[in-house]
$ cat run-v3.cif   # mmCIF, C-alpha atoms, pLDDT in the B column; chains and numbers go by the auth columns
data_target
#
loop_
_atom_site.group_PDB
_atom_site.id
_atom_site.type_symbol
_atom_site.label_atom_id
_atom_site.label_comp_id
_atom_site.label_asym_id
_atom_site.label_seq_id
_atom_site.Cartn_x
_atom_site.Cartn_y
_atom_site.Cartn_z
_atom_site.B_iso_or_equiv
_atom_site.auth_seq_id
_atom_site.auth_asym_id
ATOM 1 C CA MET A 1 6.216 20.853 3.403 93.00 1 A
ATOM 2 C CA THR A 2 2.610 20.758 2.234 96.00 2 A
ATOM 3 C CA TYR A 3 -0.548 19.172 3.605 97.00 3 A
ATOM 4 C CA LEU A 4 -3.343 18.719 1.083 97.00 4 A
ATOM 5 C CA LEU A 5 -6.830 17.848 2.391 97.00 5 A
ATOM 6 C CA GLU A 6 -9.481 16.668 -0.071 95.00 6 A
ATOM 7 C CA PRO A 7 -12.950 15.756 1.273 94.00 7 A
ATOM 8 C CA GLN A 8 -14.478 12.625 -0.339 91.00 8 A
ATOM 9 C CA ALA A 9 -17.967 11.640 0.857 90.00 9 A
ATOM 10 C CA ASP A 10 -17.624 11.116 4.632 92.00 10 A
ATOM 11 C CA MET A 11 -13.821 10.882 4.436 95.00 11 A
ATOM 12 C CA VAL A 12 -10.824 13.094 3.851 96.00 12 A
ATOM 13 C CA LYS A 13 -7.900 12.221 1.605 95.00 13 A
ATOM 14 C CA LEU A 14 -4.777 13.664 3.213 96.00 14 A
ATOM 15 C CA THR A 15 -1.631 14.026 1.115 95.00 15 A
ATOM 16 C CA VAL A 16 1.686 15.154 2.560 94.00 16 A
ATOM 17 C CA MET A 17 4.404 16.409 0.250 94.00 17 A
ATOM 18 C CA HIS A 18 7.868 16.897 1.679 93.00 18 A
ATOM 19 C CA GLU A 19 10.160 18.248 -1.006 91.00 19 A
ATOM 20 C CA ILE A 20 13.788 19.290 -1.191 91.00 20 A
ATOM 21 C CA GLU A 21 15.720 20.738 -4.120 91.00 21 A
ATOM 22 C CA ARG A 22 18.357 18.051 -4.085 89.00 22 A
ATOM 23 C CA PRO A 23 18.173 15.006 -6.340 88.00 23 A
ATOM 24 C CA GLU A 24 18.432 11.591 -4.615 85.00 24 A
ATOM 25 C CA SER A 25 18.299 13.359 -1.239 87.00 25 A
ATOM 26 C CA LYS A 26 19.058 11.199 1.790 88.00 26 A
ATOM 27 C CA PHE A 27 16.928 13.598 3.816 86.00 27 A
ATOM 28 C CA ILE A 28 13.854 12.461 1.882 87.00 28 A
ATOM 29 C CA ASP A 29 14.883 8.831 2.524 85.00 29 A
ATOM 30 C CA ALA A 30 15.133 9.645 6.220 84.00 30 A
ATOM 31 C CA VAL A 31 11.658 11.201 6.482 86.00 31 A
ATOM 32 C CA SER A 32 10.019 8.531 4.303 88.00 32 A
ATOM 33 C CA ASN A 33 9.625 6.241 7.304 87.00 33 A
ATOM 34 C CA GLY A 34 8.650 8.938 9.782 91.00 34 A
ATOM 35 C CA TRP A 35 5.753 10.477 7.902 94.00 35 A
ATOM 36 C CA PRO A 36 3.819 7.231 7.345 95.00 36 A
ATOM 37 C CA LEU A 37 4.117 6.476 11.069 95.00 37 A
ATOM 38 C CA ILE A 38 2.870 9.926 12.152 96.00 38 A
ATOM 39 C CA LEU A 39 0.038 9.925 9.599 97.00 39 A
ATOM 40 C CA ALA A 40 -1.017 6.368 10.474 97.00 40 A
ATOM 41 C CA SER A 41 -1.147 7.427 14.126 97.00 41 A
ATOM 42 C CA LEU A 42 -3.203 10.530 13.248 97.00 42 A
ATOM 43 C CA LYS A 43 -5.676 8.328 11.349 98.00 43 A
ATOM 44 C CA SER A 44 -5.976 5.926 14.306 98.00 44 A
ATOM 45 C CA LEU A 45 -6.508 8.842 16.707 98.00 45 A
ATOM 46 C CA LEU A 46 -9.324 10.304 14.602 98.00 46 A
ATOM 47 C CA GLU A 47 -11.037 6.964 13.924 98.00 47 A
ATOM 48 C CA THR A 48 -10.626 5.164 17.242 98.00 48 A
ATOM 49 C CA GLY A 49 -9.740 7.875 19.762 98.00 49 A
ATOM 50 C CA TYR A 50 -6.304 6.301 20.334 97.00 50 A
ATOM 51 C CA SER A 51 -3.052 7.238 18.662 97.00 51 A
ATOM 52 C CA LEU A 52 -0.474 4.525 17.946 96.00 52 A
ATOM 53 C CA GLU A 53 1.477 3.951 21.133 93.00 53 A
ATOM 54 C CA VAL A 54 4.894 4.123 19.399 91.00 54 A
ATOM 55 C CA THR A 55 4.274 7.744 18.387 93.00 55 A
ATOM 56 C CA ARG A 56 3.381 9.074 21.847 93.00 56 A
ATOM 57 C CA THR A 57 6.926 9.592 23.093 90.00 57 A
ATOM 58 C CA TRP A 58 10.253 10.154 21.379 84.00 58 A
ATOM 59 C CA PRO A 59 12.122 6.822 21.666 74.00 59 A
ATOM 60 C CA LYS A 60 15.041 6.808 24.097 75.00 60 A
ATOM 61 C CA GLY A 61 18.415 6.451 22.465 70.00 61 A
ATOM 62 C CA ARG A 62 17.295 7.513 19.023 66.00 62 A
ATOM 63 C CA ALA A 63 19.314 10.301 17.401 61.00 63 A
ATOM 64 C CA CYS A 64 17.599 13.656 17.676 56.00 64 A
ATOM 65 C CA ALA A 65 16.144 15.262 14.578 53.00 65 A
ATOM 66 C CA THR A 66 18.949 17.778 14.055 54.00 66 A
ATOM 67 C CA GLU A 67 21.535 14.988 14.047 54.00 67 A
ATOM 68 C CA ALA A 68 19.511 13.081 11.498 51.00 68 A
ATOM 69 C CA VAL A 69 19.389 16.129 9.249 54.00 69 A
ATOM 70 C CA THR A 70 23.115 16.784 9.615 56.00 70 A
ATOM 71 C CA ASN A 71 23.999 13.217 8.750 56.00 71 A
ATOM 72 C CA ALA A 72 21.522 12.829 5.951 52.00 72 A
ATOM 73 C CA ARG A 73 22.802 15.257 3.318 48.00 73 A
ATOM 74 C CA MET B 1 12.926 -11.785 -9.934 57.00 1 B
ATOM 75 C CA ALA B 2 15.817 -9.382 -9.388 60.00 2 B
ATOM 76 C CA LYS B 3 14.988 -7.382 -12.512 89.00 3 B
ATOM 77 C CA PHE B 4 11.657 -6.135 -11.125 95.00 4 B
ATOM 78 C CA LYS B 5 12.284 -2.611 -9.803 96.00 5 B
ATOM 79 C CA PRO B 6 10.174 -0.976 -7.056 96.00 6 B
ATOM 80 C CA LYS B 7 8.154 1.932 -8.500 97.00 7 B
ATOM 81 C CA THR B 8 5.504 2.516 -5.854 97.00 8 B
ATOM 82 C CA VAL B 9 5.883 1.930 -2.124 96.00 9 B
ATOM 83 C CA TYR B 10 3.107 2.495 0.424 96.00 10 B
ATOM 84 C CA LEU B 11 3.897 2.246 4.082 96.00 11 B
ATOM 85 C CA THR B 12 1.423 2.289 6.941 97.00 12 B
ATOM 86 C CA PHE B 13 1.195 1.283 10.592 97.00 13 B
ATOM 87 C CA ILE B 14 -1.734 -0.656 12.015 98.00 14 B
ATOM 88 C CA ALA B 15 -2.778 -1.317 15.615 98.00 15 B
ATOM 89 C CA ALA B 16 -3.110 -5.090 15.195 98.00 16 B
ATOM 90 C CA THR B 17 -1.012 -8.235 15.382 98.00 17 B
ATOM 91 C CA PRO B 18 1.042 -9.458 12.399 98.00 18 B
ATOM 92 C CA GLU B 19 -1.284 -12.494 12.248 98.00 19 B
ATOM 93 C CA LYS B 20 -4.380 -10.282 11.956 98.00 20 B
ATOM 94 C CA VAL B 21 -2.805 -8.208 9.178 98.00 21 B
ATOM 95 C CA TRP B 22 -1.736 -11.389 7.378 98.00 22 B
ATOM 96 C CA GLN B 23 -5.284 -12.737 7.623 98.00 23 B
ATOM 97 C CA ALA B 24 -6.723 -9.464 6.295 98.00 24 B
ATOM 98 C CA LEU B 25 -4.407 -9.650 3.280 98.00 25 B
ATOM 99 C CA THR B 26 -4.921 -13.320 2.466 98.00 26 B
ATOM 100 C CA ALA B 27 -8.525 -14.231 3.390 98.00 27 B
ATOM 101 C CA ALA B 28 -11.357 -13.504 0.945 98.00 28 B
ATOM 102 C CA GLU B 29 -13.864 -12.597 3.661 97.00 29 B
ATOM 103 C CA PHE B 30 -11.533 -9.699 4.549 98.00 30 B
ATOM 104 C CA THR B 31 -10.443 -8.569 1.056 98.00 31 B
ATOM 105 C CA LYS B 32 -14.127 -8.368 0.018 97.00 32 B
ATOM 106 C CA LYS B 33 -14.606 -5.674 2.661 97.00 33 B
ATOM 107 C CA TYR B 34 -11.733 -3.323 1.782 97.00 34 B
ATOM 108 C CA PHE B 35 -10.628 -4.258 -1.787 97.00 35 B
ATOM 109 C CA TRP B 36 -13.771 -3.182 -3.654 96.00 36 B
ATOM 110 C CA ASP B 37 -15.586 -6.470 -3.129 96.00 37 B
ATOM 111 C CA ARG B 38 -12.795 -8.549 -4.654 97.00 38 B
ATOM 112 C CA SER B 39 -12.059 -12.018 -3.235 98.00 39 B
ATOM 113 C CA ILE B 40 -8.487 -13.220 -2.983 98.00 40 B
ATOM 114 C CA GLU B 41 -7.738 -16.839 -3.883 98.00 41 B
ATOM 115 C CA LEU B 42 -4.311 -17.977 -2.880 97.00 42 B
ATOM 116 C CA GLU B 43 -2.557 -21.327 -2.993 98.00 43 B
ATOM 117 C CA PRO B 44 -0.496 -21.150 0.204 97.00 44 B
ATOM 118 C CA LYS B 45 2.943 -21.907 -1.249 98.00 45 B
ATOM 119 C CA ALA B 46 5.588 -20.407 -3.524 98.00 46 B
ATOM 120 C CA GLY B 47 4.667 -21.211 -7.126 98.00 47 B
ATOM 121 C CA GLY B 48 0.961 -21.484 -6.219 98.00 48 B
ATOM 122 C CA ALA B 49 -1.858 -19.696 -8.035 98.00 49 B
ATOM 123 C CA PHE B 50 -3.115 -16.246 -7.070 98.00 50 B
ATOM 124 C CA VAL B 51 -6.406 -14.702 -8.229 98.00 51 B
ATOM 125 C CA LEU B 52 -8.308 -11.562 -7.311 98.00 52 B
ATOM 126 C CA ARG B 53 -11.913 -12.305 -8.290 98.00 53 B
ATOM 127 C CA LEU B 54 -14.749 -9.863 -8.956 97.00 54 B
ATOM 128 C CA PRO B 55 -18.127 -10.452 -7.263 97.00 55 B
ATOM 129 C CA ASP B 56 -19.611 -11.637 -10.610 97.00 56 B
ATOM 130 C CA GLY B 57 -16.961 -14.374 -10.856 97.00 57 B
ATOM 131 C CA ARG B 58 -14.723 -12.759 -13.463 98.00 58 B
ATOM 132 C CA VAL B 59 -10.978 -12.581 -12.816 98.00 59 B
ATOM 133 C CA ASN B 60 -9.679 -9.091 -12.055 98.00 60 B
ATOM 134 C CA VAL B 61 -6.027 -10.013 -11.489 98.00 61 B
ATOM 135 C CA ARG B 62 -4.178 -13.292 -11.922 98.00 62 B
ATOM 136 C CA GLY B 63 -0.674 -14.285 -10.907 98.00 63 B
ATOM 137 C CA LYS B 64 1.656 -16.677 -9.148 98.00 64 B
ATOM 138 C CA VAL B 65 2.846 -16.701 -5.559 98.00 65 B
ATOM 139 C CA ILE B 66 6.557 -15.810 -5.282 98.00 66 B
ATOM 140 C CA ASP B 67 6.967 -15.550 -1.492 98.00 67 B
ATOM 141 C CA TYR B 68 4.630 -17.132 1.038 98.00 68 B
ATOM 142 C CA ASP B 69 6.005 -16.582 4.526 98.00 69 B
ATOM 143 C CA PRO B 70 3.212 -15.987 7.072 98.00 70 B
ATOM 144 C CA PRO B 71 2.967 -13.605 8.856 98.00 71 B
ATOM 145 C CA ARG B 72 5.922 -11.763 7.308 98.00 72 B
ATOM 146 C CA LYS B 73 5.934 -11.625 3.546 98.00 73 B
ATOM 147 C CA LEU B 74 3.631 -12.295 0.639 98.00 74 B
ATOM 148 C CA SER B 75 4.567 -11.482 -2.930 98.00 75 B
ATOM 149 C CA VAL B 76 2.711 -12.343 -6.091 98.00 76 B
ATOM 150 C CA THR B 77 3.018 -11.631 -9.791 98.00 77 B
ATOM 151 C CA TRP B 78 0.180 -9.360 -10.915 98.00 78 B
ATOM 152 C CA GLN B 79 -1.388 -9.572 -14.371 98.00 79 B
ATOM 153 C CA VAL B 80 -4.581 -7.562 -14.834 97.00 80 B
ATOM 154 C CA GLU B 81 -7.261 -9.447 -16.827 97.00 81 B
ATOM 155 C CA TRP B 82 -10.156 -7.055 -16.323 96.00 82 B
ATOM 156 C CA PRO B 83 -10.883 -4.414 -17.561 94.00 83 B
ATOM 157 C CA GLU B 84 -9.942 -6.082 -20.855 94.00 84 B
ATOM 158 C CA GLU B 85 -7.900 -3.160 -22.240 93.00 85 B
ATOM 159 C CA PHE B 86 -5.651 -3.430 -19.141 95.00 86 B
ATOM 160 C CA ARG B 87 -4.421 -6.845 -20.351 96.00 87 B
ATOM 161 C CA LYS B 88 -1.829 -4.978 -22.407 95.00 88 B
ATOM 162 C CA LEU B 89 -0.035 -4.057 -19.185 96.00 89 B
ATOM 163 C CA PRO B 90 3.040 -6.195 -18.587 96.00 90 B
ATOM 164 C CA GLU B 91 2.992 -8.306 -15.440 97.00 91 B
ATOM 165 C CA CYS B 92 4.276 -6.607 -12.282 98.00 92 B
ATOM 166 C CA VAL B 93 5.064 -7.862 -8.772 98.00 93 B
ATOM 167 C CA VAL B 94 3.102 -6.840 -5.687 98.00 94 B
ATOM 168 C CA SER B 95 4.705 -7.527 -2.353 98.00 95 B
ATOM 169 C CA TYR B 96 3.433 -7.097 1.212 98.00 96 B
ATOM 170 C CA GLU B 97 5.838 -7.066 4.136 98.00 97 B
ATOM 171 C CA ILE B 98 4.703 -7.156 7.747 98.00 98 B
ATOM 172 C CA ALA B 99 6.984 -6.249 10.660 97.00 99 B
ATOM 173 C CA PRO B 100 6.295 -5.565 14.344 96.00 100 B
ATOM 174 C CA ALA B 101 6.647 -1.871 15.348 93.00 101 B
ATOM 175 C CA GLY B 102 6.155 -1.522 19.088 90.00 102 B
ATOM 176 C CA GLU B 103 2.569 -2.581 19.799 92.00 103 B
ATOM 177 C CA ALA B 104 1.645 -1.947 16.179 96.00 104 B
ATOM 178 C CA VAL B 105 2.553 -3.500 12.848 97.00 105 B
ATOM 179 C CA ARG B 106 4.338 -1.904 9.928 97.00 106 B
ATOM 180 C CA LEU B 107 2.840 -2.900 6.587 98.00 107 B
ATOM 181 C CA THR B 108 4.781 -2.129 3.413 98.00 108 B
ATOM 182 C CA MET B 109 3.297 -2.605 -0.054 98.00 109 B
ATOM 183 C CA THR B 110 5.750 -2.518 -2.951 98.00 110 B
ATOM 184 C CA GLU B 111 4.725 -2.512 -6.607 98.00 111 B
ATOM 185 C CA SER B 112 7.668 -3.482 -8.836 98.00 112 B
ATOM 186 C CA HIS B 113 7.995 -3.444 -12.601 97.00 113 B
ATOM 187 C CA LEU B 114 10.260 -4.889 -15.270 96.00 114 B
ATOM 188 C CA TRP B 115 9.947 -2.000 -17.705 95.00 115 B
ATOM 189 C CA ASP B 116 10.256 1.762 -17.691 95.00 116 B
ATOM 190 C CA VAL B 117 6.624 2.391 -16.676 96.00 117 B
ATOM 191 C CA PRO B 118 5.299 5.888 -17.428 96.00 118 B
ATOM 192 C CA ASP B 119 4.013 7.850 -14.418 97.00 119 B
ATOM 193 C CA ALA B 120 0.570 7.961 -16.055 97.00 120 B
ATOM 194 C CA ILE B 121 0.289 4.173 -15.737 97.00 121 B
ATOM 195 C CA LEU B 122 1.749 4.143 -12.223 97.00 122 B
ATOM 196 C CA SER B 123 -0.883 6.714 -11.201 97.00 123 B
ATOM 197 C CA GLY B 124 -3.515 3.960 -10.920 96.00 124 B
ATOM 198 C CA GLY B 125 -1.640 2.173 -8.140 97.00 125 B
ATOM 199 C CA ARG B 126 -0.459 5.397 -6.561 96.00 126 B
ATOM 200 C CA ILE B 127 -4.087 6.459 -6.085 94.00 127 B
ATOM 201 C CA GLY B 128 -5.531 2.992 -5.510 96.00 128 B
ATOM 202 C CA TRP B 129 -3.109 1.441 -2.987 97.00 129 B
ATOM 203 C CA PRO B 130 -3.481 4.197 -0.369 96.00 130 B
ATOM 204 C CA ALA B 131 -7.283 3.818 -0.604 96.00 131 B
ATOM 205 C CA VAL B 132 -7.150 0.016 -0.294 97.00 132 B
ATOM 206 C CA LEU B 133 -4.627 -0.101 2.532 98.00 133 B
ATOM 207 C CA SER B 134 -6.151 2.822 4.396 98.00 134 B
ATOM 208 C CA SER B 135 -9.443 0.930 4.316 98.00 135 B
ATOM 209 C CA LEU B 136 -7.717 -2.243 5.555 98.00 136 B
ATOM 210 C CA LYS B 137 -6.310 -0.255 8.495 98.00 137 B
ATOM 211 C CA SER B 138 -9.755 1.152 9.353 98.00 138 B
ATOM 212 C CA LEU B 139 -11.292 -2.329 9.087 98.00 139 B
ATOM 213 C CA LEU B 140 -8.783 -3.839 11.525 98.00 140 B
ATOM 214 C CA GLU B 141 -8.877 -0.941 13.990 98.00 141 B
ATOM 215 C CA THR B 142 -12.560 0.004 13.969 98.00 142 B
ATOM 216 C CA GLY B 143 -14.292 -3.020 12.433 98.00 143 B
ATOM 217 C CA LYS B 144 -15.483 -0.875 9.525 97.00 144 B
ATOM 218 C CA PRO B 145 -13.813 -0.381 6.143 97.00 145 B
ATOM 219 C CA LEU B 146 -13.854 2.934 4.256 96.00 146 B
ATOM 220 C CA SER B 147 -16.220 3.284 1.319 89.00 147 B
ATOM 221 C CA VAL B 148 -13.943 4.927 -1.216 89.00 148 B
ATOM 222 C CA THR B 149 -15.214 4.952 -4.790 90.00 149 B
ATOM 223 C CA LEU B 150 -12.459 5.265 -7.364 90.00 150 B
ATOM 224 C CA GLU B 151 -12.187 4.993 -11.120 91.00 151 B
ATOM 225 C CA PRO B 152 -8.860 4.389 -12.880 92.00 152 B
ATOM 226 C CA PRO B 153 -7.375 7.858 -13.641 95.00 153 B
ATOM 227 C CA ARG B 154 -8.066 9.066 -17.191 95.00 154 B
ATOM 228 C CA GLU B 155 -4.338 9.613 -17.847 96.00 155 B
ATOM 229 C CA MET B 156 -3.776 5.931 -17.025 96.00 156 B
ATOM 230 C CA ILE B 157 -6.471 4.731 -19.437 95.00 157 B
ATOM 231 C CA GLU B 158 -5.088 6.983 -22.199 96.00 158 B
ATOM 232 C CA ALA B 159 -1.531 5.739 -21.606 96.00 159 B
ATOM 233 C CA ILE B 160 -2.686 2.094 -21.768 96.00 160 B
ATOM 234 C CA LYS B 161 -4.432 2.782 -25.096 94.00 161 B
ATOM 235 C CA ARG B 162 -1.112 4.054 -26.468 93.00 162 B
ATOM 236 C CA LEU B 163 0.687 0.809 -25.515 92.00 163 B
ATOM 237 C CA LYS B 164 1.515 -1.522 -28.390 82.00 164 B
#
$ encode --input "run-v3.cif" --output "structure tokens"
Amino acid sequence: MTYLLEPQADMVKLTVMHEIERPESKFIDAVSNGWPLILASLKSLLETGYSLEVTRTWPKGRACATEAVTNAR
Amino acid sequence: MAKFKPKTVYLTFIAATPEKVWQALTAAEFTKKYFWDRSIELEPKAGGAFVLRLPDGRVNVRGKVIDYDPPRKLSVTWQVEWPEEFRKLPECVVSYEIAPAGEAVRLTMTESHLWDVPDAILSGGRIGWPAVLSSLKSLLETGKPLSVTLEPPREMIEAIKRLK
């Protein structure tokens, strides 16, 4: 998992790369929704002082991360 | 439309209502602020005309509306007319989907193509869409867009020159 930060004028371009050595990996499918949500919340927090409310607590009833990984191979 | 295959997907979450996000995507006074001064012109119905116009009046992108379903889904065909050498690019489809996500909104942009597009050509959208949509998010949440300056990547321009 890699974070790449590139300053551009008064901004930063942040790139996240999450890689796995498995073609057509379901794990990558599974994290492809999570990362945009976390990164969008990080951007809101830095720009407005408030994170996105949906990212503040782990939602009740959602499978825990280890289950998701087990099921996603 | 089934033959168009998704090649680039950008997903973000915005603290706004679906209606606000829809307005930001479809009203020229908004697109001018975050889409490098381009004005959207949209006939509000499937089959209607779609234009992205440069500040000097020239057409940047032209297309037709495929889906018009406020505030959920907008898709348009996308034919670049300027810069002139980009006219060689086959038409693609750009689609925005808006869905509630808690108190926020999930916005998904999908760029779909009919042909086996080389990565060099896709690089333009893969660099450009995050800048455009990140700026849209800032505009809606803070009132101020980002001021990202971007040129089309050199590898993209070279790959377009090689197209027949």
$ interface_residues --input "run-v3.cif" --of "chain A" --to "chain B" --cutoff "8 Å" --atoms "all atoms listed in the file" --output "list in words"
Gln8, Met11, Asn33, Pro36, Leu37, Ala40, Ser41, Ser44, Glu47, Thr48, Leu52, Glu53 and Val54 of chain A
$ resolve_selection --input "run-v3.cif" --expression "the PyMOL selection byres ((chain A and resi 19) around 9)" --output "JSON list (two decimals) with C-alpha atoms, in the frame of the given file"
[["chain", "number", "residue", "atom", "x", "y", "z"],
["A", 1, "MET", "CA", 6.22, 20.85, 3.40],
["A", 2, "THR", "CA", 2.61, 20.76, 2.23],
["A", 17, "MET", "CA", 4.40, 16.41, 0.25],
["A", 18, "HIS", "CA", 7.87, 16.90, 1.68],
["A", 20, "ILE", "CA", 13.79, 19.29, -1.19],
["A", 21, "GLU", "CA", 15.72, 20.74, -4.12],
["A", 22, "ARG", "CA", 18.36, 18.05, -4.08],
["A", 28, "ILE", "CA", 13.85, 12.46, 1.88]]
$ atom_distance --input "run-v3.cif" --atom1 "CA of Val65 in chain B" --atom2 "CA of Lys45 in chain B"
6.8 Å
$ atom_distance --input "run-v3.cif" --atom1 "CA of Lys43 in chain A" --atom2 "CA of Glu6 in chain A"
14.6 Å
$ resolve_selection --input "run-v3.cif" --expression "the PyMOL selection byres ((chain B and resi 153) around 12)" --output "VMD selection string"
chain B and resid 119 to 128 150 to 152 154 to 160
$ write_last_selection --input "run-v3.cif" --atoms "C-alpha atoms" --output "CSV table (one decimal), in the frame of the given file"
chain,number,residue,atom,x,y,z
B,119,ASP,CA,4.0,7.8,-14.4
B,120,ALA,CA,0.6,8.0,-16.1
B,121,ILE,CA,0.3,4.2,-15.7
B,122,LEU,CA,1.7,4.1,-12.2
B,123,SER,CA,-0.9,6.7,-11.2
B,124,GLY,CA,-3.5,4.0,-10.9
B,125,GLY,CA,-1.6,2.2,-8.1
B,126,ARG,CA,-0.5,5.4,-6.6
B,127,ILE,CA,-4.1,6.5,-6.1
B,128,GLY,CA,-5.5,3.0,-5.5
B,150,LEU,CA,-12.5,5.3,-7.4
B,151,GLU,CA,-12.2,5.0,-11.1
B,152,PRO,CA,-8.9,4.4,-12.9
B,154,ARG,CA,-8.1,9.1,-17.2
B,155,GLU,CA,-4.3,9.6,-17.8
B,156,MET,CA,-3.8,5.9,-17.0
B,157,ILE,CA,-6.5,4.7,-19.4
B,158,GLU,CA,-5.1,7.0,-22.2
B,159,ALA,CA,-1.5,5.7,-21.6
B,160,ILE,CA,-2.7,2.1,-21.8
$ resolve_selection --input "run-v3.cif" --expression "the PyMOL selection byres ((chain B and resi 113) around 8)" --output "NGL selection string"
:B and (4-7 or 91-93 or 111-112 or 114-117)
$ atom_distance --input "run-v3.cif" --atom1 "CA of Ser135 in chain B" --atom2 "CA of Phe35 in chain B"
8.1 Å
$ residues_around --input "run-v3.cif" --residues "range 73-89 of chain B" --least-positions-apart "5" --cutoff "9 Å" --atoms "all atoms listed in the file" --output "PyMOL selection string"
chain B and resi 22+25-26+46+49-51+58-68+94-99+121+157+160-161+163-164
$ write_last_selection --input "run-v3.cif" --atoms "C-alpha atoms" --output "PDB file, in the frame of the given file"
ATOM      1  CA  TRP B  22      -1.736 -11.389   7.378  1.00 98.00           C
ATOM      2  CA  LEU B  25      -4.407  -9.650   3.280  1.00 98.00           C
ATOM      3  CA  THR B  26      -4.921 -13.320   2.466  1.00 98.00           C
ATOM      4  CA  ALA B  46       5.588 -20.407  -3.524  1.00 98.00           C
ATOM      5  CA  ALA B  49      -1.858 -19.696  -8.035  1.00 98.00           C
ATOM      6  CA  PHE B  50      -3.115 -16.246  -7.070  1.00 98.00           C
ATOM      7  CA  VAL B  51      -6.406 -14.702  -8.229  1.00 98.00           C
ATOM      8  CA  ARG B  58     -14.723 -12.759 -13.463  1.00 98.00           C
ATOM      9  CA  VAL B  59     -10.978 -12.581 -12.816  1.00 98.00           C
ATOM     10  CA  ASN B  60      -9.679  -9.091 -12.055  1.00 98.00           C
ATOM     11  CA  VAL B  61      -6.027 -10.013 -11.489  1.00 98.00           C
ATOM     12  CA  ARG B  62      -4.178 -13.292 -11.922  1.00 98.00           C
ATOM     13  CA  GLY B  63      -0.674 -14.285 -10.907  1.00 98.00           C
ATOM     14  CA  LYS B  64       1.656 -16.677  -9.148  1.00 98.00           C
ATOM     15  CA  VAL B  65       2.846 -16.701  -5.559  1.00 98.00           C
ATOM     16  CA  ILE B  66       6.557 -15.810  -5.282  1.00 98.00           C
ATOM     17  CA  ASP B  67       6.967 -15.550  -1.492  1.00 98.00           C
ATOM     18  CA  TYR B  68       4.630 -17.132   1.038  1.00 98.00           C
ATOM     19  CA  VAL B  94       3.102  -6.840  -5.687  1.00 98.00           C
ATOM     20  CA  SER B  95       4.705  -7.527  -2.353  1.00 98.00           C
ATOM     21  CA  TYR B  96       3.433  -7.097   1.212  1.00 98.00           C
ATOM     22  CA  GLU B  97       5.838  -7.066   4.136  1.00 98.00           C
ATOM     23  CA  ILE B  98       4.703  -7.156   7.747  1.00 98.00           C
ATOM     24  CA  ALA B  99       6.984  -6.249  10.660  1.00 97.00           C
ATOM     25  CA  ILE B 121       0.289   4.173 -15.737  1.00 97.00           C
ATOM     26  CA  ILE B 157      -6.471   4.731 -19.437  1.00 95.00           C
ATOM     27  CA  ILE B 160      -2.686   2.094 -21.768  1.00 96.00           C
ATOM     28  CA  LYS B 161      -4.432   2.782 -25.096  1.00 94.00           C
ATOM     29  CA  LEU B 163       0.687   0.809 -25.515  1.00 92.00           C
ATOM     30  CA  LYS B 164       1.515  -1.522 -28.390  1.00 82.00           C
TER      31      LYS B 164
END
$ residues_around --input "run-v3.cif" --residues "Val16 in chain A" --least-positions-apart "5" --cutoff "9 Å" --atoms "all atoms listed in the file" --output "list in words"
Met1, Thr2, Tyr3, Leu4, Leu5, Trp35 and Leu39 of chain A
